[in-house]
Structure formats: structure tokens, C-alpha cells
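*Asks:* For reference, the structure I am asking about is given below.
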Amino acid sequence: GPNGSGKSTIIKSIAGLLRYQGEIRIKGIPARQIPAKRKFAYVPEIPNMFDALTVREHIEYVRMAYDSEITDEEIEKILKAFEMDDKQDKLGNELSKGMMQKVSICCALCIKPQVILLDEPMVGLDPKAIKELKEVILELKENGVTILISTHMLEMVENIWDVMFVMEKGKIIGSYRKSEAGEKDLDDLFFEMTGGDEK
């Protein structure tokens, strides 16, 4: 949806950062309950790091908070995939925005989520990290993980989407399934639904 369409409000509500009326469920469990939160990972648009924790300490903090069963070997594999394995001793306040984004993604993956919400996850990432993130998303999808991505960068999700929801003025105005899209790309579908014009 365009700016101001309500994407951030919905995302922050799902993530438990805003009060809302109505009901949100994660894997059938009310989102405010701890069992739902344990299944859910959130990668915000603007990563927020603890200044005095290292990259590895961020991972360990999340691992302990979620009582995650992830192994050290699995953590090393994730960090290596995002080229953060040699930056584990860097403090949060020493990281660039792109590196903070990578740490945020690594932390989310380390809880082994069943549902993951990514808000503009590719902003600030270098091309290699974008490629890796797409591969990770496809792997999660194959393993039955529910993935919700909010993005303006439609070309970034062109090869990984299944269902597109379009919002306007706080409402979902429609959706498309990839299986129904035919030859149309995401841009075509988006402008068709919003009545907008690329020009």
C-alpha cells in the first residue's frame, strides 16, 4: 500500500507494540499470550540495538529470552550466511544500519520461529545479504513457516511471494494469489488494484 495506508499500524499491532481492538492470533493462539510470542519473530524496519551489547550477546539475549533450542553450530551458520561471524565482538553502537539489520534478522532466525514478520527487511542490506535473505525466506517457506513481508520494494519480493495484500486508508482493499496472477508482475497487480498509475 501507499504511505499512510496503515501497514505500520497493522504490523505494530501484530508485533504487540500497539494497543488495538479486535483479535490477532498467531498459529491460532491469541497474540498477547506467551505461547504465541514464542512462535513469533519480528524484524522491524528500523533496527534497535543495545549500545553496550556485542553482536553475539544480542543473539544470546534473544536465545535466552525465548528459551530457544537452537545450537551453537546453527547460530554460527546463520551468522556466517549474513557475513556477521567475524563481527560477533562488535558493540551495537559500532554497527552500520546495514549491519544492524543483519543482526536483527539473525536474532529473529535464532528463535526458530513458526511465524516471522519482516518490515521492509531489505532496506539497507547489500546485494549479497538481500540474496541470502531471499534464500532464507524460501527455505523457511519450504519448512512451513508463515512469512509476512511489508515492503514498498515490490521487485525485491517478485520471486518469493505467494499472496499479496494491498492496503489503502487503513483497510485491505484486495489481494492476489500468485497462482492467479498469470503473466502480470507485482507492479501491474498493485497499480491495477489501487487505480494508481506508474507515471
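Labeling convention for the C-alpha cells: chains A, B, ... as they appear, residues from 1 per chain, ligands from 1 in order of appearance.
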Within 9 Å of range 154-170 of chain A, counting only C-alpha atoms, which residues show up once you throw out same-chain ones fewer than 5 positions away? Write them as a PyMOL selection string, please.
*Replies:* chain A and resi 1-7+9-10+122+130+134+137-138+149+175-179+185-187+189-190+193-194
*Asks:* What does the file look like for those residues with N, CA, C and O atoms, as an mmCIF file, in the first residue's frame?
*Replies:*
data_model
loop_
_atom_site.group_PDB
_atom_site.id
_atom_site.type_symbol
_atom_site.label_atom_id
_atom_site.label_comp_id
_atom_site.auth_asym_id
_atom_site.auth_seq_id
_atom_site.Cartn_x
_atom_site.Cartn_y
_atom_site.Cartn_z
ATOM 1 N N GLY A 1 0.817 -1.200 0.000
ATOM 2 C CA GLY A 1 0.000 0.000 0.000
ATOM 3 C C GLY A 1 0.851 1.250 0.000
ATOM 4 O O GLY A 1 2.031 1.210 0.345
ATOM 5 N N PRO A 2 0.259 2.371 -0.387
ATOM 6 C CA PRO A 2 0.995 3.627 -0.373
ATOM 7 C C PRO A 2 1.311 4.076 1.049
ATOM 8 O O PRO A 2 0.798 3.518 2.019
ATOM 9 N N ASN A 3 2.163 5.092 1.188
ATOM 10 C CA ASN A 3 2.452 5.641 2.508
ATOM 11 C C ASN A 3 1.154 6.090 3.170
ATOM 12 O O ASN A 3 0.283 6.663 2.514
ATOM 13 N N GLY A 4 1.052 5.791 4.464
ATOM 14 C CA GLY A 4 -0.139 6.205 5.200
ATOM 15 C C GLY A 4 -1.327 5.282 5.043
ATOM 16 O O GLY A 4 -2.422 5.587 5.512
ATOM 17 N N SER A 5 -1.127 4.128 4.407
ATOM 18 C CA SER A 5 -2.256 3.217 4.173
ATOM 19 C C SER A 5 -2.595 2.360 5.392
ATOM 20 O O SER A 5 -3.640 1.727 5.426
ATOM 21 N N GLY A 6 -1.705 2.338 6.380
ATOM 22 C CA GLY A 6 -1.991 1.575 7.602
ATOM 23 C C GLY A 6 -1.125 0.351 7.801
ATOM 24 O O GLY A 6 -1.332 -0.415 8.743
ATOM 25 N N LYS A 7 -0.138 0.156 6.940
ATOM 26 C CA LYS A 7 0.727 -1.036 7.050
ATOM 27 C C LYS A 7 1.444 -1.081 8.400
ATOM 28 O O LYS A 7 1.444 -2.099 9.080
ATOM 29 N N THR A 9 0.727 0.358 11.189
ATOM 30 C CA THR A 9 -0.197 0.171 12.311
ATOM 31 C C THR A 9 -0.526 -1.303 12.487
ATOM 32 O O THR A 9 -0.498 -1.837 13.610
ATOM 33 N N ILE A 10 -0.808 -1.982 11.384
ATOM 34 C CA ILE A 10 -1.111 -3.421 11.468
ATOM 35 C C ILE A 10 0.110 -4.205 11.944
ATOM 36 O O ILE A 10 0.014 -5.063 12.819
ATOM 37 N N MET A 122 14.714 -5.466 3.428
ATOM 38 C CA MET A 122 15.853 -5.378 2.513
ATOM 39 C C MET A 122 16.440 -3.976 2.414
ATOM 40 O O MET A 122 17.459 -3.775 1.781
ATOM 41 N N ILE A 130 20.837 -9.370 0.577
ATOM 42 C CA ILE A 130 19.478 -9.477 0.014
ATOM 43 C C ILE A 130 19.284 -10.861 -0.592
ATOM 44 O O ILE A 130 18.264 -11.519 -0.366
ATOM 45 N N LYS A 134 16.612 -13.697 0.736
ATOM 46 C CA LYS A 134 15.615 -14.338 -0.132
ATOM 47 C C LYS A 134 15.719 -15.861 -0.035
ATOM 48 O O LYS A 134 14.710 -16.559 0.031
ATOM 49 N N ILE A 137 14.260 -16.964 3.250
ATOM 50 C CA ILE A 137 12.794 -16.879 3.214
ATOM 51 C C ILE A 137 12.214 -18.089 2.482
ATOM 52 O O ILE A 137 11.253 -18.711 2.948
ATOM 53 N N LEU A 138 12.816 -18.445 1.354
ATOM 54 C CA LEU A 138 12.339 -19.612 0.595
ATOM 55 C C LEU A 138 12.500 -20.901 1.399
ATOM 56 O O LEU A 138 11.627 -21.764 1.384
ATOM 57 N N ILE A 149 5.691 -10.175 4.851
ATOM 58 C CA ILE A 149 6.660 -9.138 4.491
ATOM 59 C C ILE A 149 5.906 -7.879 4.101
ATOM 60 O O ILE A 149 5.037 -7.917 3.236
ATOM 61 N N SER A 175 -6.654 -8.622 -2.541
ATOM 62 C CA SER A 175 -5.476 -9.486 -2.519
ATOM 63 C C SER A 175 -5.402 -10.281 -3.811
ATOM 64 O O SER A 175 -6.401 -10.458 -4.519
ATOM 65 N N TYR A 176 -4.214 -10.720 -4.110
ATOM 66 C CA TYR A 176 -3.968 -11.590 -5.261
ATOM 67 C C TYR A 176 -3.156 -12.789 -4.807
ATOM 68 O O TYR A 176 -2.269 -12.660 -3.954
ATOM 69 N N ARG A 177 -3.444 -13.927 -5.411
ATOM 70 C CA ARG A 177 -2.578 -15.095 -5.255
ATOM 71 C C ARG A 177 -1.692 -15.188 -6.479
ATOM 72 O O ARG A 177 -2.130 -14.901 -7.587
ATOM 73 N N LYS A 178 -0.442 -15.596 -6.247
ATOM 74 C CA LYS A 178 0.497 -15.708 -7.360
ATOM 75 C C LYS A 178 -0.041 -16.656 -8.427
ATOM 76 O O LYS A 178 0.103 -16.417 -9.619
ATOM 77 N N SER A 179 -0.709 -17.706 -7.983
ATOM 78 C CA SER A 179 -1.241 -18.713 -8.913
ATOM 79 C C SER A 179 -2.316 -18.136 -9.833
ATOM 80 O O SER A 179 -2.610 -18.689 -10.883
ATOM 81 N N ASP A 185 3.133 -8.871 -13.372
ATOM 82 C CA ASP A 185 4.072 -8.808 -12.260
ATOM 83 C C ASP A 185 3.441 -8.023 -11.109
ATOM 84 O O ASP A 185 2.332 -7.496 -11.217
ATOM 85 N N LEU A 186 4.157 -7.935 -9.991
ATOM 86 C CA LEU A 186 3.597 -7.300 -8.799
ATOM 87 C C LEU A 186 3.234 -5.838 -9.025
ATOM 88 O O LEU A 186 2.220 -5.360 -8.524
ATOM 89 N N ASP A 187 4.073 -5.128 -9.777
ATOM 90 C CA ASP A 187 3.767 -3.718 -10.066
ATOM 91 C C ASP A 187 2.419 -3.592 -10.773
ATOM 92 O O ASP A 187 1.586 -2.767 -10.412
ATOM 93 N N LEU A 189 -0.095 -5.652 -10.786
ATOM 94 C CA LEU A 189 -1.184 -6.011 -9.870
ATOM 95 C C LEU A 189 -1.468 -4.883 -8.884
ATOM 96 O O LEU A 189 -2.621 -4.556 -8.608
ATOM 97 N N PHE A 190 -0.386 -4.296 -8.365
ATOM 98 C CA PHE A 190 -0.538 -3.221 -7.384
ATOM 99 C C PHE A 190 -1.272 -2.023 -7.991
ATOM 100 O O PHE A 190 -2.236 -1.516 -7.429
ATOM 101 N N MET A 193 -4.927 -2.634 -8.741
ATOM 102 C CA MET A 193 -5.801 -2.667 -7.572
ATOM 103 C C MET A 193 -6.001 -1.282 -6.963
ATOM 104 O O MET A 193 -7.087 -0.951 -6.490
ATOM 105 N N THR A 194 -4.964 -0.464 -6.966
ATOM 106 C CA THR A 194 -5.059 0.857 -6.330
ATOM 107 C C THR A 194 -5.600 1.910 -7.294
ATOM 108 O O THR A 194 -5.897 3.026 -6.867
#
*Asks:* Run DSSP on the backbone and tell me which residues of range 44-195 of chain A come out as alpha helix (DSSP H); list them as a tab-separated table (two decimals) with C-alpha atoms, in the first residue's frame.
*Replies:*
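Once everything was written out, this is result37.tsv:
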chain	number	residue	atom	x	y	z
A	55	VAL	CA	26.53	-8.91	18.22
A	56	ARG	CA	26.90	-12.31	19.91
A	57	GLU	CA	25.39	-11.01	23.15
A	58	HIS	CA	22.33	-9.82	21.22
A	59	ILE	CA	21.95	-13.36	19.86
A	60	GLU	CA	22.40	-14.91	23.32
A	61	TYR	CA	19.93	-12.43	24.86
A	62	VAL	CA	17.24	-13.43	22.36
A	63	ARG	CA	18.14	-17.13	22.67
A	64	MET	CA	17.66	-16.99	26.45
A	65	ALA	CA	14.53	-14.81	26.33
A	72	ASP	CA	25.79	-23.02	18.69
A	73	GLU	CA	26.51	-24.62	15.30
A	74	GLU	CA	23.20	-23.37	13.91
A	75	ILE	CA	23.92	-19.86	15.23
A	76	GLU	CA	27.35	-19.89	13.60
A	77	LYS	CA	25.78	-20.96	10.30
A	78	ILE	CA	23.27	-18.07	10.42
A	79	LEU	CA	25.95	-15.53	11.32
A	80	LYS	CA	28.22	-16.79	8.55
A	81	ALA	CA	25.41	-16.66	5.97
A	97	LYS	CA	22.47	0.42	9.69
A	98	GLY	CA	23.01	-2.48	7.28
A	99	MET	CA	24.86	-4.50	9.91
A	100	MET	CA	22.18	-3.72	12.50
A	101	GLN	CA	19.59	-5.01	10.03
A	102	LYS	CA	21.59	-8.22	9.62
A	103	VAL	CA	21.81	-8.69	13.41
A	104	SER	CA	18.06	-8.11	13.69
A	105	ILE	CA	17.43	-10.81	11.05
A	106	CYS	CA	19.89	-13.21	12.73
A	107	CYS	CA	18.20	-12.70	16.11
A	108	ALA	CA	14.79	-13.42	14.57
A	109	LEU	CA	16.05	-16.62	12.92
A	127	PRO	CA	23.14	-7.22	-2.64
A	128	LYS	CA	24.72	-10.37	-1.13
A	129	ALA	CA	22.66	-10.04	2.06
A	130	ILE	CA	19.48	-9.48	0.01
A	131	LYS	CA	20.21	-12.67	-1.95
A	132	GLU	CA	20.85	-14.59	1.28
A	133	LEU	CA	17.67	-13.26	2.89
A	134	LYS	CA	15.61	-14.34	-0.13
A	135	GLU	CA	17.14	-17.83	0.09
A	136	VAL	CA	16.40	-17.97	3.83
A	137	ILE	CA	12.79	-16.88	3.21
A	138	LEU	CA	12.34	-19.61	0.59
A	139	GLU	CA	13.85	-22.20	2.96
A	140	LEU	CA	11.57	-21.08	5.81
A	141	LYS	CA	8.59	-21.28	3.45
A	142	GLU	CA	9.52	-24.84	2.45
A	186	LEU	CA	3.60	-7.30	-8.80
A	187	ASP	CA	3.77	-3.72	-10.07
A	188	ASP	CA	0.96	-4.38	-12.55
A	189	LEU	CA	-1.18	-6.01	-9.87
A	190	PHE	CA	-0.54	-3.22	-7.38
A	191	PHE	CA	-1.43	-0.39	-9.77
A	192	GLU	CA	-4.44	-2.31	-11.08
A	193	MET	CA	-5.80	-2.67	-7.57
A	194	THR	CA	-5.06	0.86	-6.33
*Asks:* Taking the backbone alone, and naming residues the way the document does, which bits of range 8-178 of chain A are strand (DSSP E) by DSSP, as a PDB file with C-alpha atoms, in the first residue's frame?
*Replies:*
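As written to disk, selection.pdb reads:
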ATOM      1  CA  ARG A  25      -3.961 -14.858  16.537  1.00  0.00           C
ATOM      2  CA  ILE A  26      -0.608 -16.463  15.843  1.00  0.00           C
ATOM      3  CA  ILE A  29      -3.219 -18.588  19.761  1.00  0.00           C
ATOM      4  CA  PRO A  30      -4.178 -15.050  20.882  1.00  0.00           C
ATOM      5  CA  PHE A  40       6.728 -15.345  16.522  1.00  0.00           C
ATOM      6  CA  ALA A  41       9.701 -13.302  15.317  1.00  0.00           C
ATOM      7  CA  TYR A  42       9.665  -9.662  14.245  1.00  0.00           C
ATOM      8  CA  VAL A  43      12.243  -7.796  12.173  1.00  0.00           C
ATOM      9  CA  VAL A 115       5.707 -17.103  12.071  1.00  0.00           C
ATOM     10  CA  ILE A 116       8.032 -14.272  11.053  1.00  0.00           C
ATOM     11  CA  LEU A 117       7.093 -10.686  10.248  1.00  0.00           C
ATOM     12  CA  LEU A 118       9.592  -8.618   8.257  1.00  0.00           C
ATOM     13  CA  ASP A 119       9.020  -4.876   7.838  1.00  0.00           C
ATOM     14  CA  THR A 146       4.408 -18.360   7.832  1.00  0.00           C
ATOM     15  CA  ILE A 147       6.163 -15.256   6.471  1.00  0.00           C
ATOM     16  CA  LEU A 148       4.627 -11.791   6.299  1.00  0.00           C
ATOM     17  CA  ILE A 149       6.660  -9.138   4.491  1.00  0.00           C
ATOM     18  CA  SER A 150       5.734  -5.468   4.315  1.00  0.00           C
ATOM     19  CA  VAL A 163      -0.224 -13.832  -1.689  1.00  0.00           C
ATOM     20  CA  MET A 164      -0.218 -10.037  -1.974  1.00  0.00           C
ATOM     21  CA  PHE A 165      -2.491  -7.883   0.186  1.00  0.00           C
ATOM     22  CA  VAL A 166      -2.954  -4.244  -0.768  1.00  0.00           C
ATOM     23  CA  MET A 167      -3.979  -1.626   1.799  1.00  0.00           C
ATOM     24  CA  GLU A 168      -5.494   1.809   1.473  1.00  0.00           C
ATOM     25  CA  LYS A 171      -8.301  -1.241   5.036  1.00  0.00           C
ATOM     26  CA  ILE A 172      -7.201  -4.220   2.978  1.00  0.00           C
ATOM     27  CA  ILE A 173      -8.756  -3.361  -0.379  1.00  0.00           C
ATOM     28  CA  GLY A 174      -7.913  -6.640  -2.052  1.00  0.00           C
ATOM     29  CA  SER A 175      -5.476  -9.486  -2.519  1.00  0.00           C
ATOM     30  CA  TYR A 176      -3.968 -11.590  -5.261  1.00  0.00           C
ATOM     31  CA  ARG A 177      -2.578 -15.095  -5.255  1.00  0.00           C
TER      32      ARG A 177
END
*Asks:* CA of Met153 in chain A and CA of Ala36 in chain A, how far apart in Å?
*Replies:* 29.0 Å
*Asks:* Record the distance separating CA of Gly16 in chain A and CA of Thr151 in chain A, expressed in Å with one decimal.
*Replies:*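 Result for CA of Gly16 in chain A versus CA of Thr151 in chain A: 19.6 Å, one decimal.
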